[in-house]
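Chemist: So here's start34.tsv, just TSV, N, CA and C atoms:
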chain	number	residue	atom	x	y	z
N	1	MET	N	0.86	-1.17	0.00
N	1	MET	CA	0.00	0.00	0.00
N	1	MET	C	0.90	1.23	0.00
N	2	THR	N	0.55	2.24	-0.77
N	2	THR	CA	1.29	3.49	-0.83
N	2	THR	C	0.37	4.63	-0.44
N	3	ILE	N	0.82	5.45	0.50
N	3	ILE	CA	0.08	6.62	0.93
N	3	ILE	C	1.02	7.81	0.85
N	4	THR	N	0.58	8.88	0.22
N	4	THR	CA	1.36	10.11	0.17
N	4	THR	C	0.79	11.07	1.19
N	5	VAL	N	1.64	11.58	2.05
N	5	VAL	CA	1.22	12.47	3.12
N	5	VAL	C	2.09	13.71	3.11
N	6	LYS	N	1.45	14.87	3.18
N	6	LYS	CA	2.19	16.12	3.34
N	6	LYS	C	2.08	16.49	4.80
N	7	THR	N	3.21	16.67	5.47
N	7	THR	CA	3.21	16.92	6.90
N	7	THR	C	4.24	17.97	7.24
N	8	TYR	N	4.56	18.13	8.51
N	8	TYR	CA	5.43	19.19	8.97
N	8	TYR	C	6.51	18.62	9.89
N	9	PHE	N	7.74	19.08	9.71
N	9	PHE	CA	8.86	18.71	10.57
N	9	PHE	C	9.25	19.95	11.36
N	10	ASP	N	9.15	19.90	12.69
N	10	ASP	CA	9.39	21.08	13.52
N	10	ASP	C	10.84	21.20	14.00
N	11	GLY	N	11.72	20.40	13.45
N	11	GLY	CA	13.13	20.42	13.84
N	11	GLY	C	13.47	19.30	14.81
N	12	LYS	N	12.44	18.71	15.42
N	12	LYS	CA	12.66	17.62	16.36
N	12	LYS	C	11.93	16.35	15.96
N	13	GLU	N	10.71	16.52	15.43
N	13	GLU	CA	9.92	15.35	15.09
N	13	GLU	C	9.02	15.64	13.90
N	14	ILE	N	8.63	14.57	13.23
N	14	ILE	CA	7.71	14.69	12.10
N	14	ILE	C	6.30	14.53	12.64
N	15	LYS	N	5.44	15.46	12.31
N	15	LYS	CA	4.05	15.41	12.77
N	15	LYS	C	3.31	14.37	11.94
N	16	VAL	N	2.73	13.38	12.60
N	16	VAL	CA	2.00	12.30	11.93
N	16	VAL	C	0.50	12.61	12.01
N	17	PRO	N	-0.18	12.68	10.84
N	17	PRO	CA	-1.62	12.94	10.86
N	17	PRO	C	-2.36	11.88	11.67
N	18	ARG	N	-3.43	12.31	12.36
N	18	ARG	CA	-4.20	11.41	13.23
N	18	ARG	C	-4.69	10.16	12.51
N	19	GLU	N	-5.14	10.30	11.26
N	19	GLU	CA	-5.69	9.14	10.57
N	19	GLU	C	-4.64	8.06	10.32
N	20	LEU	N	-3.36	8.42	10.28
N	20	LEU	CA	-2.31	7.43	10.08
N	20	LEU	C	-1.91	6.75	11.38
N	21	ARG	N	-2.23	7.33	12.51
N	21	ARG	CA	-1.86	6.74	13.80
N	21	ARG	C	-2.63	5.47	14.07
N	22	LYS	N	-3.73	5.25	13.35
N	22	LYS	CA	-4.56	4.07	13.55
N	22	LYS	C	-4.04	2.86	12.77
N	23	LEU	N	-3.12	3.08	11.84
N	23	LEU	CA	-2.61	1.99	11.01
N	23	LEU	C	-1.64	1.11	11.80
N	24	GLU	N	-1.49	-0.11	11.35
N	24	GLU	CA	-0.53	-1.03	11.96
N	24	GLU	C	0.88	-0.52	11.73
N	25	PRO	N	1.79	-0.74	12.68
N	25	PRO	CA	3.19	-0.33	12.47
N	25	PRO	C	3.75	-0.98	11.21
N	26	THR	N	4.50	-0.21	10.47
N	26	THR	CA	5.07	-0.71	9.21
N	26	THR	C	6.31	0.09	8.87
N	27	GLU	N	7.06	-0.41	7.92
N	27	GLU	CA	8.26	0.30	7.47
N	27	GLU	C	7.84	1.43	6.54
N	28	VAL	N	8.48	2.58	6.68
N	28	VAL	CA	8.16	3.73	5.83
N	28	VAL	C	9.42	4.26	5.18
N	29	THR	N	9.25	4.94	4.08
N	29	THR	CA	10.34	5.62	3.39
N	29	THR	C	10.06	7.11	3.41
N	30	LEU	N	11.01	7.89	3.90
N	30	LEU	CA	10.85	9.34	3.94
N	30	LEU	C	11.62	9.96	2.79
N	31	ILE	N	10.98	10.87	2.09
N	31	ILE	CA	11.62	11.59	1.00
N	31	ILE	C	11.57	13.07	1.36
N	32	PHE	N	12.72	13.68	1.54
N	32	PHE	CA	12.79	15.09	1.89
N	32	PHE	C	13.01	15.93	0.65
N	33	GLU	N	12.16	16.94	0.48
N	33	GLU	CA	12.31	17.85	-0.65
N	33	GLU	C	13.39	18.86	-0.32
N	34	ASP	N	14.00	19.42	-1.35
N	34	ASP	CA	15.09	20.37	-1.14
N	34	ASP	C	14.61	21.77	-0.78
N	35	GLY	N	13.30	21.97	-0.72
N	35	GLY	CA	12.76	23.27	-0.33
N	35	GLY	C	12.57	24.23	-1.48
N	36	SER	N	12.84	23.79	-2.69
N	36	SER	CA	12.68	24.69	-3.84
N	36	SER	C	11.23	24.77	-4.31
N	37	GLY	N	10.38	23.93	-3.74
N	37	GLY	CA	8.96	23.93	-4.13
N	37	GLY	C	8.17	24.95	-3.35
N	38	GLU	N	6.91	24.65	-3.14
N	38	GLU	CA	5.99	25.53	-2.44
N	38	GLU	C	6.45	25.78	-1.01
N	39	LYS	N	6.49	27.04	-0.62
N	39	LYS	CA	6.93	27.42	0.72
N	39	LYS	C	5.71	27.53	1.64
N	40	GLU	N	5.81	26.95	2.81
N	40	GLU	CA	4.76	27.07	3.82
N	40	GLU	C	5.36	27.73	5.04
N	41	LYS	N	4.58	28.57	5.67
N	41	LYS	CA	5.01	29.23	6.89
N	41	LYS	C	5.02	28.21	8.02
N	42	PRO	N	6.19	28.00	8.64
N	42	PRO	CA	6.21	27.04	9.74
N	42	PRO	C	5.39	27.53	10.91
N	43	GLY	N	4.69	26.62	11.56
N	43	GLY	CA	3.84	26.98	12.68
N	43	GLY	C	4.17	26.14	13.89
N	44	LYS	N	3.26	26.09	14.80
N	44	LYS	CA	3.46	25.33	16.02
N	44	LYS	C	2.88	23.93	15.89
N	45	GLY	N	2.40	23.57	14.70
N	45	GLY	CA	1.80	22.27	14.51
N	45	GLY	C	0.30	22.29	14.70
N	46	LEU	N	-0.26	23.44	15.09
N	46	LEU	CA	-1.70	23.57	15.31
N	46	LEU	C	-2.21	24.83	14.63
N	47	PRO	N	-2.14	24.91	13.30
N	47	PRO	CA	-2.54	26.15	12.63
N	47	PRO	C	-3.99	26.53	12.87
N	48	LEU	N	-4.89	25.58	13.02
N	48	LEU	CA	-6.29	25.90	13.27
N	48	LEU	C	-6.44	26.56	14.63
N	49	MET	N	-5.74	26.05	15.62
N	49	MET	CA	-5.81	26.63	16.96
N	49	MET	C	-5.26	28.06	16.95
N	50	ASP	N	-4.16	28.28	16.24
N	50	ASP	CA	-3.60	29.63	16.13
N	50	ASP	C	-4.62	30.59	15.51
N	51	GLU	N	-5.31	30.12	14.48
N	51	GLU	CA	-6.32	30.94	13.82
N	51	GLU	C	-7.49	31.23	14.75
N	52	MET	N	-7.92	30.23	15.52
N	52	MET	CA	-9.03	30.43	16.45
N	52	MET	C	-8.67	31.44	17.54
N	53	VAL	N	-7.45	31.39	18.03
N	53	VAL	CA	-7.02	32.34	19.05
N	53	VAL	C	-7.00	33.75	18.48
N	54	ALA	N	-6.51	33.91	17.25
N	54	ALA	CA	-6.47	35.22	16.61
N	54	ALA	C	-7.88	35.77	16.42
N	55	ILE	N	-8.81	34.93	16.01
N	55	ILE	CA	-10.20	35.36	15.81
N	55	ILE	C	-10.82	35.75	17.14
N	56	SER	N	-10.58	34.97	18.19
N	56	SER	CA	-11.18	35.29	19.48
N	56	SER	C	-10.66	36.60	20.05
N	57	LYS	N	-9.41	36.94	19.75
N	57	LYS	CA	-8.85	38.21	20.22
N	57	LYS	C	-9.48	39.39	19.51
N	58	SER	N	-9.96	39.18	18.28
N	58	SER	CA	-10.55	40.28	17.51
N	58	SER	C	-12.04	40.46	17.80
N	59	MET	N	-12.64	39.55	18.57
N	59	MET	CA	-14.07	39.63	18.85
N	59	MET	C	-14.35	40.72	19.88
N	60	THR	N	-15.37	41.50	19.61
N	60	THR	CA	-15.77	42.54	20.56
N	60	THR	C	-17.24	42.38	20.88
N	61	GLY	N	-17.67	42.97	21.96
N	61	GLY	CA	-19.07	42.89	22.34
N	61	GLY	C	-19.23	42.21	23.67
N	62	THR	N	-20.46	42.05	24.07
N	62	THR	CA	-20.74	41.37	25.32
N	62	THR	C	-21.37	40.02	25.02
N	63	TYR	N	-20.99	39.06	25.81
N	63	TYR	CA	-21.47	37.69	25.62
N	63	TYR	C	-22.00	37.17	26.95
N	64	PRO	N	-22.94	36.26	26.92
N	64	PRO	CA	-23.46	35.68	28.17
N	64	PRO	C	-22.34	35.00	28.95
N	65	GLU	N	-22.41	35.09	30.26
N	65	GLU	CA	-21.38	34.46	31.10
N	65	GLU	C	-21.37	32.94	30.96
N	66	ASP	N	-22.50	32.36	30.60
N	66	ASP	CA	-22.59	30.90	30.48
N	66	ASP	C	-22.47	30.43	29.03
N	67	LEU	N	-21.87	31.22	28.17
N	67	LEU	CA	-21.77	30.88	26.74
N	67	LEU	C	-21.06	29.55	26.53
N	68	ALA	N	-19.93	29.34	27.19
N	68	ALA	CA	-19.18	28.09	27.00
N	68	ALA	C	-19.99	26.88	27.47
N	69	ARG	N	-20.61	27.03	28.62
N	69	ARG	CA	-21.37	25.90	29.19
N	69	ARG	C	-22.63	25.59	28.38
N	70	ASN	N	-23.30	26.63	27.87
N	70	ASN	CA	-24.58	26.44	27.17
N	70	ASN	C	-24.50	26.81	25.69
N	71	HIS	N	-23.37	26.52	25.06
N	71	HIS	CA	-23.23	26.88	23.65
N	71	HIS	C	-24.27	26.19	22.76
N	72	ASP	N	-24.70	24.99	23.11
N	72	ASP	CA	-25.74	24.31	22.32
N	72	ASP	C	-27.05	25.10	22.36
N	73	TYR	N	-27.34	25.71	23.49
N	73	TYR	CA	-28.55	26.53	23.61
N	73	TYR	C	-28.45	27.75	22.68
N	74	TYR	N	-27.31	28.43	22.72
N	74	TYR	CA	-27.15	29.65	21.92
N	74	TYR	C	-26.99	29.37	20.43
N	75	LEU	N	-26.38	28.25	20.09
N	75	LEU	CA	-26.17	27.92	18.68
N	75	LEU	C	-27.33	27.14	18.04
N	76	HIS	N	-27.89	26.20	18.79
N	76	HIS	CA	-28.87	25.27	18.20
N	76	HIS	C	-30.24	25.31	18.85
N	77	GLY	N	-30.41	26.09	19.90
N	77	GLY	CA	-31.71	26.20	20.54
N	77	GLY	C	-32.06	25.07	21.48
N	78	LYS	N	-31.08	24.23	21.86
N	78	LYS	CA	-31.34	23.14	22.80
N	78	LYS	C	-31.51	23.72	24.21
N	79	GLN	N	-32.00	22.90	25.13
N	79	GLN	CA	-32.21	23.35	26.49
N	79	GLN	C	-30.89	23.68	27.18
N	80	LYS	N	-30.93	24.67	28.08
N	80	LYS	CA	-29.73	25.01	28.85
N	80	LYS	C	-29.40	23.91	29.84
N	81	ARG	N	-28.16	23.82	30.22
N	81	ARG	CA	-27.71	22.82	31.20
N	81	ARG	C	-27.90	23.35	32.59
Turn the structure described in the file into C-alpha cells.

Modeler:
Amino acid sequence: MTITVKTYFDGKEIKVPRELRKLEPTEVTLIFEDGSGEKEKPGKGLPLMDEMVAISKSMTGTYPEDLARNHDYYLHGKQKR
C-alpha cells in the first residue's frame, strides 16, 4: 500500500496525521524535498488553533457568562444545562 502524506517537521519530530496513527506499524520511506517547491510558513503544529485564538482576540461585544457551558442553547436552541 502506498500513501502520500504532506506533513510538517518542527526540527525535532515529524508530525503524523491522526488518521495514520490508527494503522498497523510498518516500514516507511521518507523523501525530503530540497525546499525549492511551495513554501509554507512554519507553525506550532496547530494552525487551526492559532487561527481560532487570533479570531477570538478580535471579537468585541458582550457575551453571556454561560456561553461556554450552554453553547448548544445559543447555537442550536437546545435546552440550557

Chemist: Can you tell me, as number ranges by chain, which residues in chain N count as helix (DSSP H, G or I) by DSSP?

Modeler: N: 18-21, 47-58, 71-76

Chemist: Excluding Thr7 of chain N and residues on its chain fewer than 5 positions from it, collect all residues at most 8 Å away from it, counting only N, CA and C atoms, and give them as a PyMOL selection string.

Modeler: chain N and resi 14-17

Chemist: What separation in Å, quoted to one decimal, exists between atom CA of Leu30 of chain N and atom CA of Tyr8 of chain N?

Modeler: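 Taking atom CA of Leu30 of chain N as the start and atom CA of Tyr8 of chain N as the end point, the length is 12.3 Å.
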
Chemist: State, in Å with one decimal place, the distance from atom N of Lys12 of chain N to atom N of Leu48 of chain N.

Modeler: 18.8 Å

Chemist: Between atom C of Glu51 of chain N and atom CA of Glu33 of chain N, measure the distance and give it in Å to one decimal.

Modeler: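 These atoms are spaced 28.4 Å apart.
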
Chemist: Let me know the centre plus edge lengths, in Å and rounded to one decimal, of a box with edges along x, y and z that contains all listed atoms of segment 6-12 of chain N and is padded by 8 Å on every side, as lines of an AutoDock Vina configuration file.

Modeler:
center_x = 7.5
center_y = 18.0
center_z = 9.8
size_x = 28.0
size_y = 22.3
size_z = 29.2
